[in-house]
There are 4 protein chains.
Amino acid sequence: MYFKSFFNKPLAQMAYLVGCQQTGEAIIIDPLRDIEAYVKDAEAEGLKITHAAETHIHADFASGTRDVNRKLGATLYVSNMGGDDWAYKNMPDDTVYLNDGDTINVGNIQLKVLFTPGHTPESISFLLTDKGGGASTPMGLFTGDFLFVGDVGRPDLLESAAKTKGTTESGAEDMFQSVKKSEDLPDYLQIWPGHGAGSACGKSLGAVPMTTLGYEKENNWAYQIDNEDAFKKELTTDQPEPPSYFAEMKKINKEDVPLAGDTRVYPLSLSDLTDLVIDLRAKEVYQSSHIKGTLNIPMNDKFSSYIGWFVDYEHELTLIGTKEDADEAAHQLQQIGYDKVKGYLPSEDIENPVSSLTIEADDFLELNKKENLAILDVRNKSEWEEGHLKNAKRVLLGNLLEEDIPYDKEEPLFVHCESGVRSGIALGALEKRGFNRVINIKDGYGALREKM
Amino acid sequence: MYFKSFFNKPLAQMAYLVGCQQTGEAIIIDPLRDIEAYVKDAEAEGLKITHAAETHIHADFASGTRDVNRKLGATLYVSNMGGDDWAYKNMPDDTVYLNDGDTINVGNIQLKVLFTPGHTPESISFLLTDKGGGASTPMGLFTGDFLFVGDVGRPDLLESAAKTKGTTESGAEDMFQSVKKSEDLPDYLQIWPGHGAGSACGKSLGAVPMTTLGYEKENNWAYQIDNEDAFKKELTTDQPEPPSYFAEMKKINKEDVPLAGDTRVYPLSLSDLTDLVIDLRAKEVYQSSHIKGTLNIPMNDKFSSYIGWFVDYEHELTLIGTKEDADEAAHQLQQIGYDKVKGYLPSEDIENPVSSLTIEADDFLELNKKENLAILDVRNKSEWEEGHLKNAKRVLLGNLLEEDIPYDKEEPLFVHCESGVRSGIALGALEKRGFNRVINIKDGYGALREKM
Amino acid sequence: MYFKSFFNKPLAQMAYLVGCQQTGEAIIIDPLRDIEAYVKDAEAEGLKITHAAETHIHADFASGTRDVNRKLGATLYVSNMGGDDWAYKNMPDDTVYLNDGDTINVGNIQLKVLFTPGHTPESISFLLTDKGGGASTPMGLFTGDFLFVGDVGRPDLLESAAKTKGTTESGAEDMFQSVKKSEDLPDYLQIWPGHGAGSACGKSLGAVPMTTLGYEKENNWAYQIDNEDAFKKELTTDQPEPPSYFAEMKKINKEDVPLAGDTRVYPLSLSDLTDLVIDLRAKEVYQSSHIKGTLNIPMNDKFSSYIGWFVDYEHELTLIGTKEDADEAAHQLQQIGYDKVKGYLPSEDIENPVSSLTIEADDFLELNKKENLAILDVRNKSEWEEGHLKNAKRVLLGNLLEEDIPYDKEEPLFVHCESGVRSGIALGALEKRGFNRVINIKDGYGALREKM
Amino acid sequence: MYFKSFFNKPLAQMAYLVGCQQTGEAIIIDPLRDIEAYVKDAEAEGLKITHAAETHIHADFASGTRDVNRKLGATLYVSNMGGDDWAYKNMPDDTVYLNDGDTINVGNIQLKVLFTPGHTPESISFLLTDKGGGASTPMGLFTGDFLFVGDVGRPDLLESAAKTKGTTESGAEDMFQSVKKSEDLPDYLQIWPGHGAGSACGKSLGAVPMTTLGYEKENNWAYQIDNEDAFKKELTTDQPEPPSYFAEMKKINKEDVPLAGDTRVYPLSLSDLTDLVIDLRAKEVYQSSHIKGTLNIPMNDKFSSYIGWFVDYEHELTLIGTKEDADEAAHQLQQIGYDKVKGYLPSEDIENPVSSLTIEADDFLELNKKENLAILDVRNKSEWEEGHLKNAKRVLLGNLLEEDIPYDKEEPLFVHCESGVRSGIALGALEKRGFNRVINIKDGYGALREKM
């Protein structure tokens, strides 16, 4: 048996390739739309990807299963559980719909379906037994977003992101049962989760790529709580607000994802800029000189996390930066199902730039003693609840473009987050909303906390 | 002024980027469909490609001008000369049609149009003057396929490849006039040709990327012949047969080239193979073990030259080899306007392979003394005329799939070219035509000549 | 805690990076000499490699620990067990020598030393507990060459490769005890081995990168045998002959490995060739035309395995092929501690080439019926014992340059291995030994077996 | 004949590879120490670099000729002209010392030596005739730093950089003669210069990579002045101050350049920082947060130009940034003969950072009306002479670490250059000199000029 995991850092996402060397067949589990790496790795091992499966309808990335079918001719295996609301549509004719207890055979490797709802109603896991290797005992479990290293999947995404009312409560109940059910499996099982640290699909994922069931039974909080209500409370409390693109992902992953094509982008002129413009440069460079009303989401590992809050799937957007960064941004946007990047403006072509104002934490605190300042905190609800400035008001960063901002647009507005990264994005969002005198508090609440 | 040449080795093709740093504008001359390199180079210099021009309707590659327009918004500049038969169609509305003496201004750089027919009726050249640099004298001439290093463009392609009768004669006359006309230009002009060594657009191109007009006047044969008839005779004699894809190029470049998209290809199964299958492996590897009837065109610098003889623009083809080679092959096929690669078969998946028979030159000569052998020479006419085996018959390599082959399919058939490269391709073509006992003469006529 | 494994495919070797995000410290376990990948990965996570440990004195690659110390300033942690013969020499002053039960602290991560001899007398394992993550139970075990996926380390290398008499027996006893001792550890432990499939350090390693202790207890043969003698017999039987470079590795890893420098190589002329010349081209290309007496070890994933049999650490060698392949070969040679590549000959510069003779399996069998042929089988002892040609004699491929070959140099000598890969190497080795009429049996004993 | 130019953008330097396909020999002219690109290009053409020549003792980069000899075994060809002070030392025994009129034969290609002093006393040019191509007339001239596109080489480097008194005057006289002498050569000659736009070896080099002699006669200022005194005045006026590393280059290129090795660098700790620390990050990032007294030379195309002012060949330096940037910086430093990079500090490890103060141009002008400010202009002499602030004093950027700075270290010191790039470097240099209140005038004298 051949086994290989693929970690996509921007999405903190794991896909898995499992192959039977005896027959040359392989399965890819939870693939992204960009399938090049899977195909090349399979080729290097003399394997052909003949099967593709997914654990559930993903909310945080566009599924690549349909691409694996169209490009490689692989048969798709998806959940048949969870009821009509979660039924896949527009799938290839030979798609296999999986029920609890079904098995997928990839050469001499067997994957048995375990129904593990909670994160979503249709979530399934795959229990692998390496029959080709002579084993009759299972080796490991592909858990998708059911079980992570140190956590379980959050049940509230459908309600908070996809606005499906009442599903959080029932999801939490399902999750409790799924956890209980998994306790019967052997301790020595390897656990291969759908996400690693950094994903928004769980709140406290570890940075170790995998784990074992026995270790989780000992260390994962979800196995320590026997009372269902206590479990549900712990599970549903303090989950960070999910990015707004999650709703769109649910929809396209259920209904259809277009074939992923070429994502290379080309330079535009100032007159080509769209309503939404994302500036990809480092925050210090942006703040020194940028086009008013453009949003600064630097091209780094966090790009996918932040852009998901602001991207509008109905409309084109433009980028600012180098071709290299713009190509990478367009590629990452493709992974979350957005294919409408119009092009990019080279940063040398910026005209009439503005610069952002910054105040040091101690200067701000001094000023705040004397005057009643307008202060906007753009952090999460849970961060706010752990402590905030008395005279601040909170609007979540991701909502800055739509939500009412309770301040006068012509007065100085001080903005902060925890470390200065998110408030750097907020600067442009506030400019876009018409605020003309925004001042960034350097290093955010983290710096304020130290000086207070 | 910024100047940069781009040499595409498989096509021996030159594109040129010229930019005015004072205004940030740039022109790309004779671009290929893959425009990434031009865009990145312009960006690194702070330039934007705002203009694209071409010297004539190319026969040997698919023009990238329409892509430059669609992707970069650049204005196109094309020839208005040569009559209705050579008029561009389906061009963007703002395309500028150029007459002899017109000028293109790229910032402060001036390109003056010189009508230089001969290679084709509509061929033009561009005389560059760097007005931004303060010059009033011209610096150089973009000659397209009019004037090369050591040669001039061949006038027979339209007739031999595109089957436009009678154009060779008139083209040769035009070329004589174009050469004469160019003699009035100053010796110190740089000559920037459309092709370098290895192109099928001229018969004796030098491997130096550029030249000067004065040097050509001294050394290029075309400037040494004052008699028109002698010139025409020299020009039209011994031109190698042009690849058959040239006809298709003429057509699409005149009428339309689709937007170049993603060329990545994916693995197939044996049952997916198309009628035409190209094996990309080294010739020794192919000859040791291959699928009968597949053609061996190894993925190296010569791939584009050979594939152009066999590709059929109406039908899909499949490749055999690694993903890396198949991706590169599909990319090179895109450059000649072919977008129908169905996929590739990993070479490990070959079943029921055959191997090719090879005979050493001296063994063959010994045998040929005793028996009356069936011998097929697949070289060019001019090579044949310089010397060949008495009992051989000739069919041009590129015609092996269509032309009548005057031998019995069940008898041993000895095949050779000059060095063994082309006969390696012929092996599969003959298998495809039903010849069951083909024997390759190792190292070809080159080896035979030495031993005879 | 951050965890990352690095798989070196040519050596089938695993190194591990473990970091404590709370303090920014990291440890690299069993590093190769090329440390670039480790450093870049640590940097991307904001970690600094401050510690390096190794599980034992490696026999199959040159250890990178000393390089990690010299280049990164990391403190080294090595075994203090196994007695004076296995004591590290010439280590940095601040090296920590580890005894059974000692602990290494990397920030808040704890590695506890378990003495697990058997593969070698000084072998240790590291039991990891993620104290920073709040755990008091161990997460996994770095087993080095003690425990693999589906196998345990072979105890005979010291005796068979390094010629240390009597160590196989005592090593097998040690291994039995180490296995027994490990049974007390919890089933849910992750097992992080030092090698994956393809390594010569064990005979039946799985292609899954990791496992769990519980799964091994169920499936690994070593946990199924309770009788010590039976265990020892099973462990020491049918181990393939180890490559001859293993002896050199043991020596330098114990005594000193020079700082790894630039491995790029440059073209040479025919007159520069050394006694040992390795031709890196595909076997079909080599067999079609090569320099007599050069050895053909194609540059692919198997290069490191085969070259280790022939490399002579006292003398320079030269390569034949492209610069790209020669650079890669020199890099892989550096990983096994060989830094004496003199340069490479471009294959175009080959003069007076010879070609190899090949015979199809059925032609050979026909001939073998009639004549008493000279046949050389170059397979392993265990392959030979499973079946061989009656009139064949066996000399192990790796010994062809030194061992007596019991045939007449002027008579036809038929050579085969199992599939044709190793006999392809044997061709050049036999030429080098003076055999003038060597004939390769195509596809080896595998093909013969089918036809007999 | 094969011809290929190699443009090194950081050094604006041109090397040339010329090969004779008939014999497979090639010559590299004016190589850098990093010879990989030359070797690979030659290999792709089936050529071997058997000769290396240089036009003069370079001042702006470390010559790669000795590496070409050591690594490739090529014979070296260097100038024998100019007298004993300019005689090469420690050259390989078979080095050929060239006098005016000598010829180098590379296969059938002939290079004739023309003595063209002026830039330096020993400067020679090479007149190429492609005898293999059948030519008896020369094709082009490798001019080194004698003749550029639009300029001639400056004669003052020896005096201003290498402190060789009186050589500027005699160099200018030589240059006048060299120019006169070249007028006899044919107009159609291609001119292949040693530098392109951006080099400090001439003051107004064009961005076109090559030219022709006739075009230069028409357009280059040096051919327009017939009066020797006028020529000398024009040539020696307004030459920018040369970087201080030029002196070291002259020395090592004459005496010896060590073999270029591995330049990869590794992370250090804060306590490892050397006296000179170069921060490679973007200027906005540096100015927002950096270690006091470190110099900010961002890793971009200008790095080599600026670092040459500050590097001290006797001592180690350290870098700040990513491994990728630090590796590139070390590589570029190798090109200018500096091999003592100790390592780099990842920017996340910066502690106790300071930020730089910036003032907008109009705010500064307002302030400057009211108060008598301390202003430091770090531009070149010629820029200063074209216009400067009345109350400013000038110290050349490159001298900031040594020269007396006539201001009080505790008073506010306003610093500017032309655009803000060089003053960004000055900030750290002034901090290093002990100035505690430095304020950067945003966008420099360019912005001031507009507002005044």
# chains A, B, ... in the order shown; residues from 1 in each chain; ligands from 1
$ interface_residues --of "chain B" --to "chain C" --cutoff "7 Å" --atoms "only C-alpha atoms" --output "list in words"
Glu284, Val285 and Ser288 of chain B
$ residues_around --residues "B:Tyr407" --least-positions-apart "6" --cutoff "10 Å" --atoms "only C-alpha atoms" --output "list in words"
Ala374, Ile375, Leu376, Lys393, Leu413 and Phe435 of chain B
$ select_by_dssp --residues "stretch 104-160 of chain C" --states "helix (DSSP H, G or I)" --output "short mmCIF file (atom, residue, chain, number, x, y, z; two decimals) with N, CA, C and O atoms, in the first residue's frame"
data_model
loop_
_atom_site.label_atom_id
_atom_site.label_comp_id
_atom_site.auth_asym_id
_atom_site.auth_seq_id
_atom_site.Cartn_x
_atom_site.Cartn_y
_atom_site.Cartn_z
N LYS C 131 4.60 18.29 26.05
CA LYS C 131 4.24 18.97 27.30
C LYS C 131 3.70 20.37 27.04
O LYS C 131 2.83 20.86 27.76
N GLY C 132 4.21 20.99 26.00
CA GLY C 132 3.71 22.32 25.66
C GLY C 132 2.25 22.28 25.27
O GLY C 132 1.50 23.23 25.49
N GLY C 133 1.82 21.19 24.68
CA GLY C 133 0.43 21.02 24.30
C GLY C 133 -0.42 20.52 25.46
O GLY C 133 -1.60 20.23 25.28
N LEU C 157 24.24 -5.99 9.54
CA LEU C 157 25.01 -5.08 8.69
C LEU C 157 26.44 -4.94 9.15
O LEU C 157 27.37 -4.86 8.35
N LEU C 158 26.61 -4.88 10.47
CA LEU C 158 27.97 -4.69 10.99
C LEU C 158 28.86 -5.84 10.56
O LEU C 158 30.01 -5.64 10.18
N GLU C 159 28.30 -7.01 10.57
CA GLU C 159 29.10 -8.18 10.24
C GLU C 159 29.29 -8.31 8.72
O GLU C 159 30.41 -8.49 8.23
N SER C 160 28.20 -8.17 7.99
CA SER C 160 28.30 -8.40 6.55
C SER C 160 28.93 -7.21 5.82
O SER C 160 29.69 -7.38 4.88
#
$ residues_around --residues "A:Leu270" --least-positions-apart "5" --cutoff "12 Å" --atoms "only C-alpha atoms" --output "list in words"
Asp275, Val277, Ile291, Thr318, Leu319, Ile320, Gly343, Tyr344, Leu345, Pro346, Ser347, Glu348, Asp349, Ile350, Glu351 and Asn352 of chain A
$ residues_around --residues "A:Leu17" --least-positions-apart "4" --cutoff "9 Å" --atoms "only C-alpha atoms" --output "number ranges by chain"
A: 2-6, 26-29, 38, 41-42, 49
$ residues_around --residues "A:Val96" --least-positions-apart "5" --cutoff "10 Å" --atoms "only C-alpha atoms" --output "ChimeraX atom specification"
/A:53,75-80,91,104
$ atom_distance --atom1 "atom CA of C:Gly64" --atom2 "atom CA of C:Lys251"
14.3 Å
$ atom_distance --atom1 "atom CA of B:Gly83" --atom2 "atom CA of B:Phe176"
19.1 Å
$ closest_residue --among "B:Glu360, B:Leu389, B:Leu400, B:Phe303" --to "B:Asp443" --atoms "only C-alpha atoms"
B:Glu360
$ residues_around --residues "B:Gly73" --least-positions-apart "4" --cutoff "10 Å" --atoms "only C-alpha atoms" --output "compact mmCIF listing (two decimals) with C-alpha atoms, in the first residue's frame"
# COMPACT_ATOMS: atom_id res chain seq x y z
CA TYR A 266 -2.41 40.12 -16.75
CA PRO A 267 -1.71 43.79 -16.07
CA LEU A 268 -4.47 46.37 -16.24
CA SER A 269 -4.62 50.14 -16.20
CA ILE B 49 2.72 46.20 -23.56
CA THR B 50 0.35 48.56 -25.30
CA HIS B 51 1.08 47.68 -28.92
CA ALA B 52 1.58 44.45 -30.84
CA ARG B 66 -4.84 38.28 -30.81
CA ASP B 67 -3.92 36.96 -27.36
CA VAL B 68 -1.94 40.10 -26.64
CA ASN B 69 -5.00 42.10 -27.53
$ closest_residue --among "D:Asp262, D:Tyr445, D:Ala207, D:Gly101" --to "B:Cys20" --atoms "only C-alpha atoms"
D:Ala207
$ residues_around --residues "A:Pro243" --least-positions-apart "6" --cutoff "10 Å" --atoms "only C-alpha atoms" --output "number ranges by chain"
A: 59-60, 157, 160-161, 200, 305-310, 398-399
$ select_by_dssp --residues "stretch 325-419 of chain B" --states "strand (DSSP E or B)" --output "PyMOL selection string"
chain B and resi 341-345+354+357-359+374-377+392-394+413-416
$ closest_residue --among "A:Gln190, A:Gln239, A:Asn300, A:Asn219" --to "C:Ala135" --atoms "only C-alpha atoms"
A:Asn219
$ closest_residue --among "D:Ala222, D:Val106, D:Ala230, D:Leu448" --to "D:Arg154" --atoms "only C-alpha atoms"
D:Ala222
$ atom_distance --atom1 "atom CA of B:Met1" --atom2 "atom CA of B:Ser182"
24.4 Å
$ closest_residue --among "C:Thr103, C:Gln335, C:Ser125, C:Thr212" --to "C:Leu11" --atoms "only C-alpha atoms"
C:Gln335
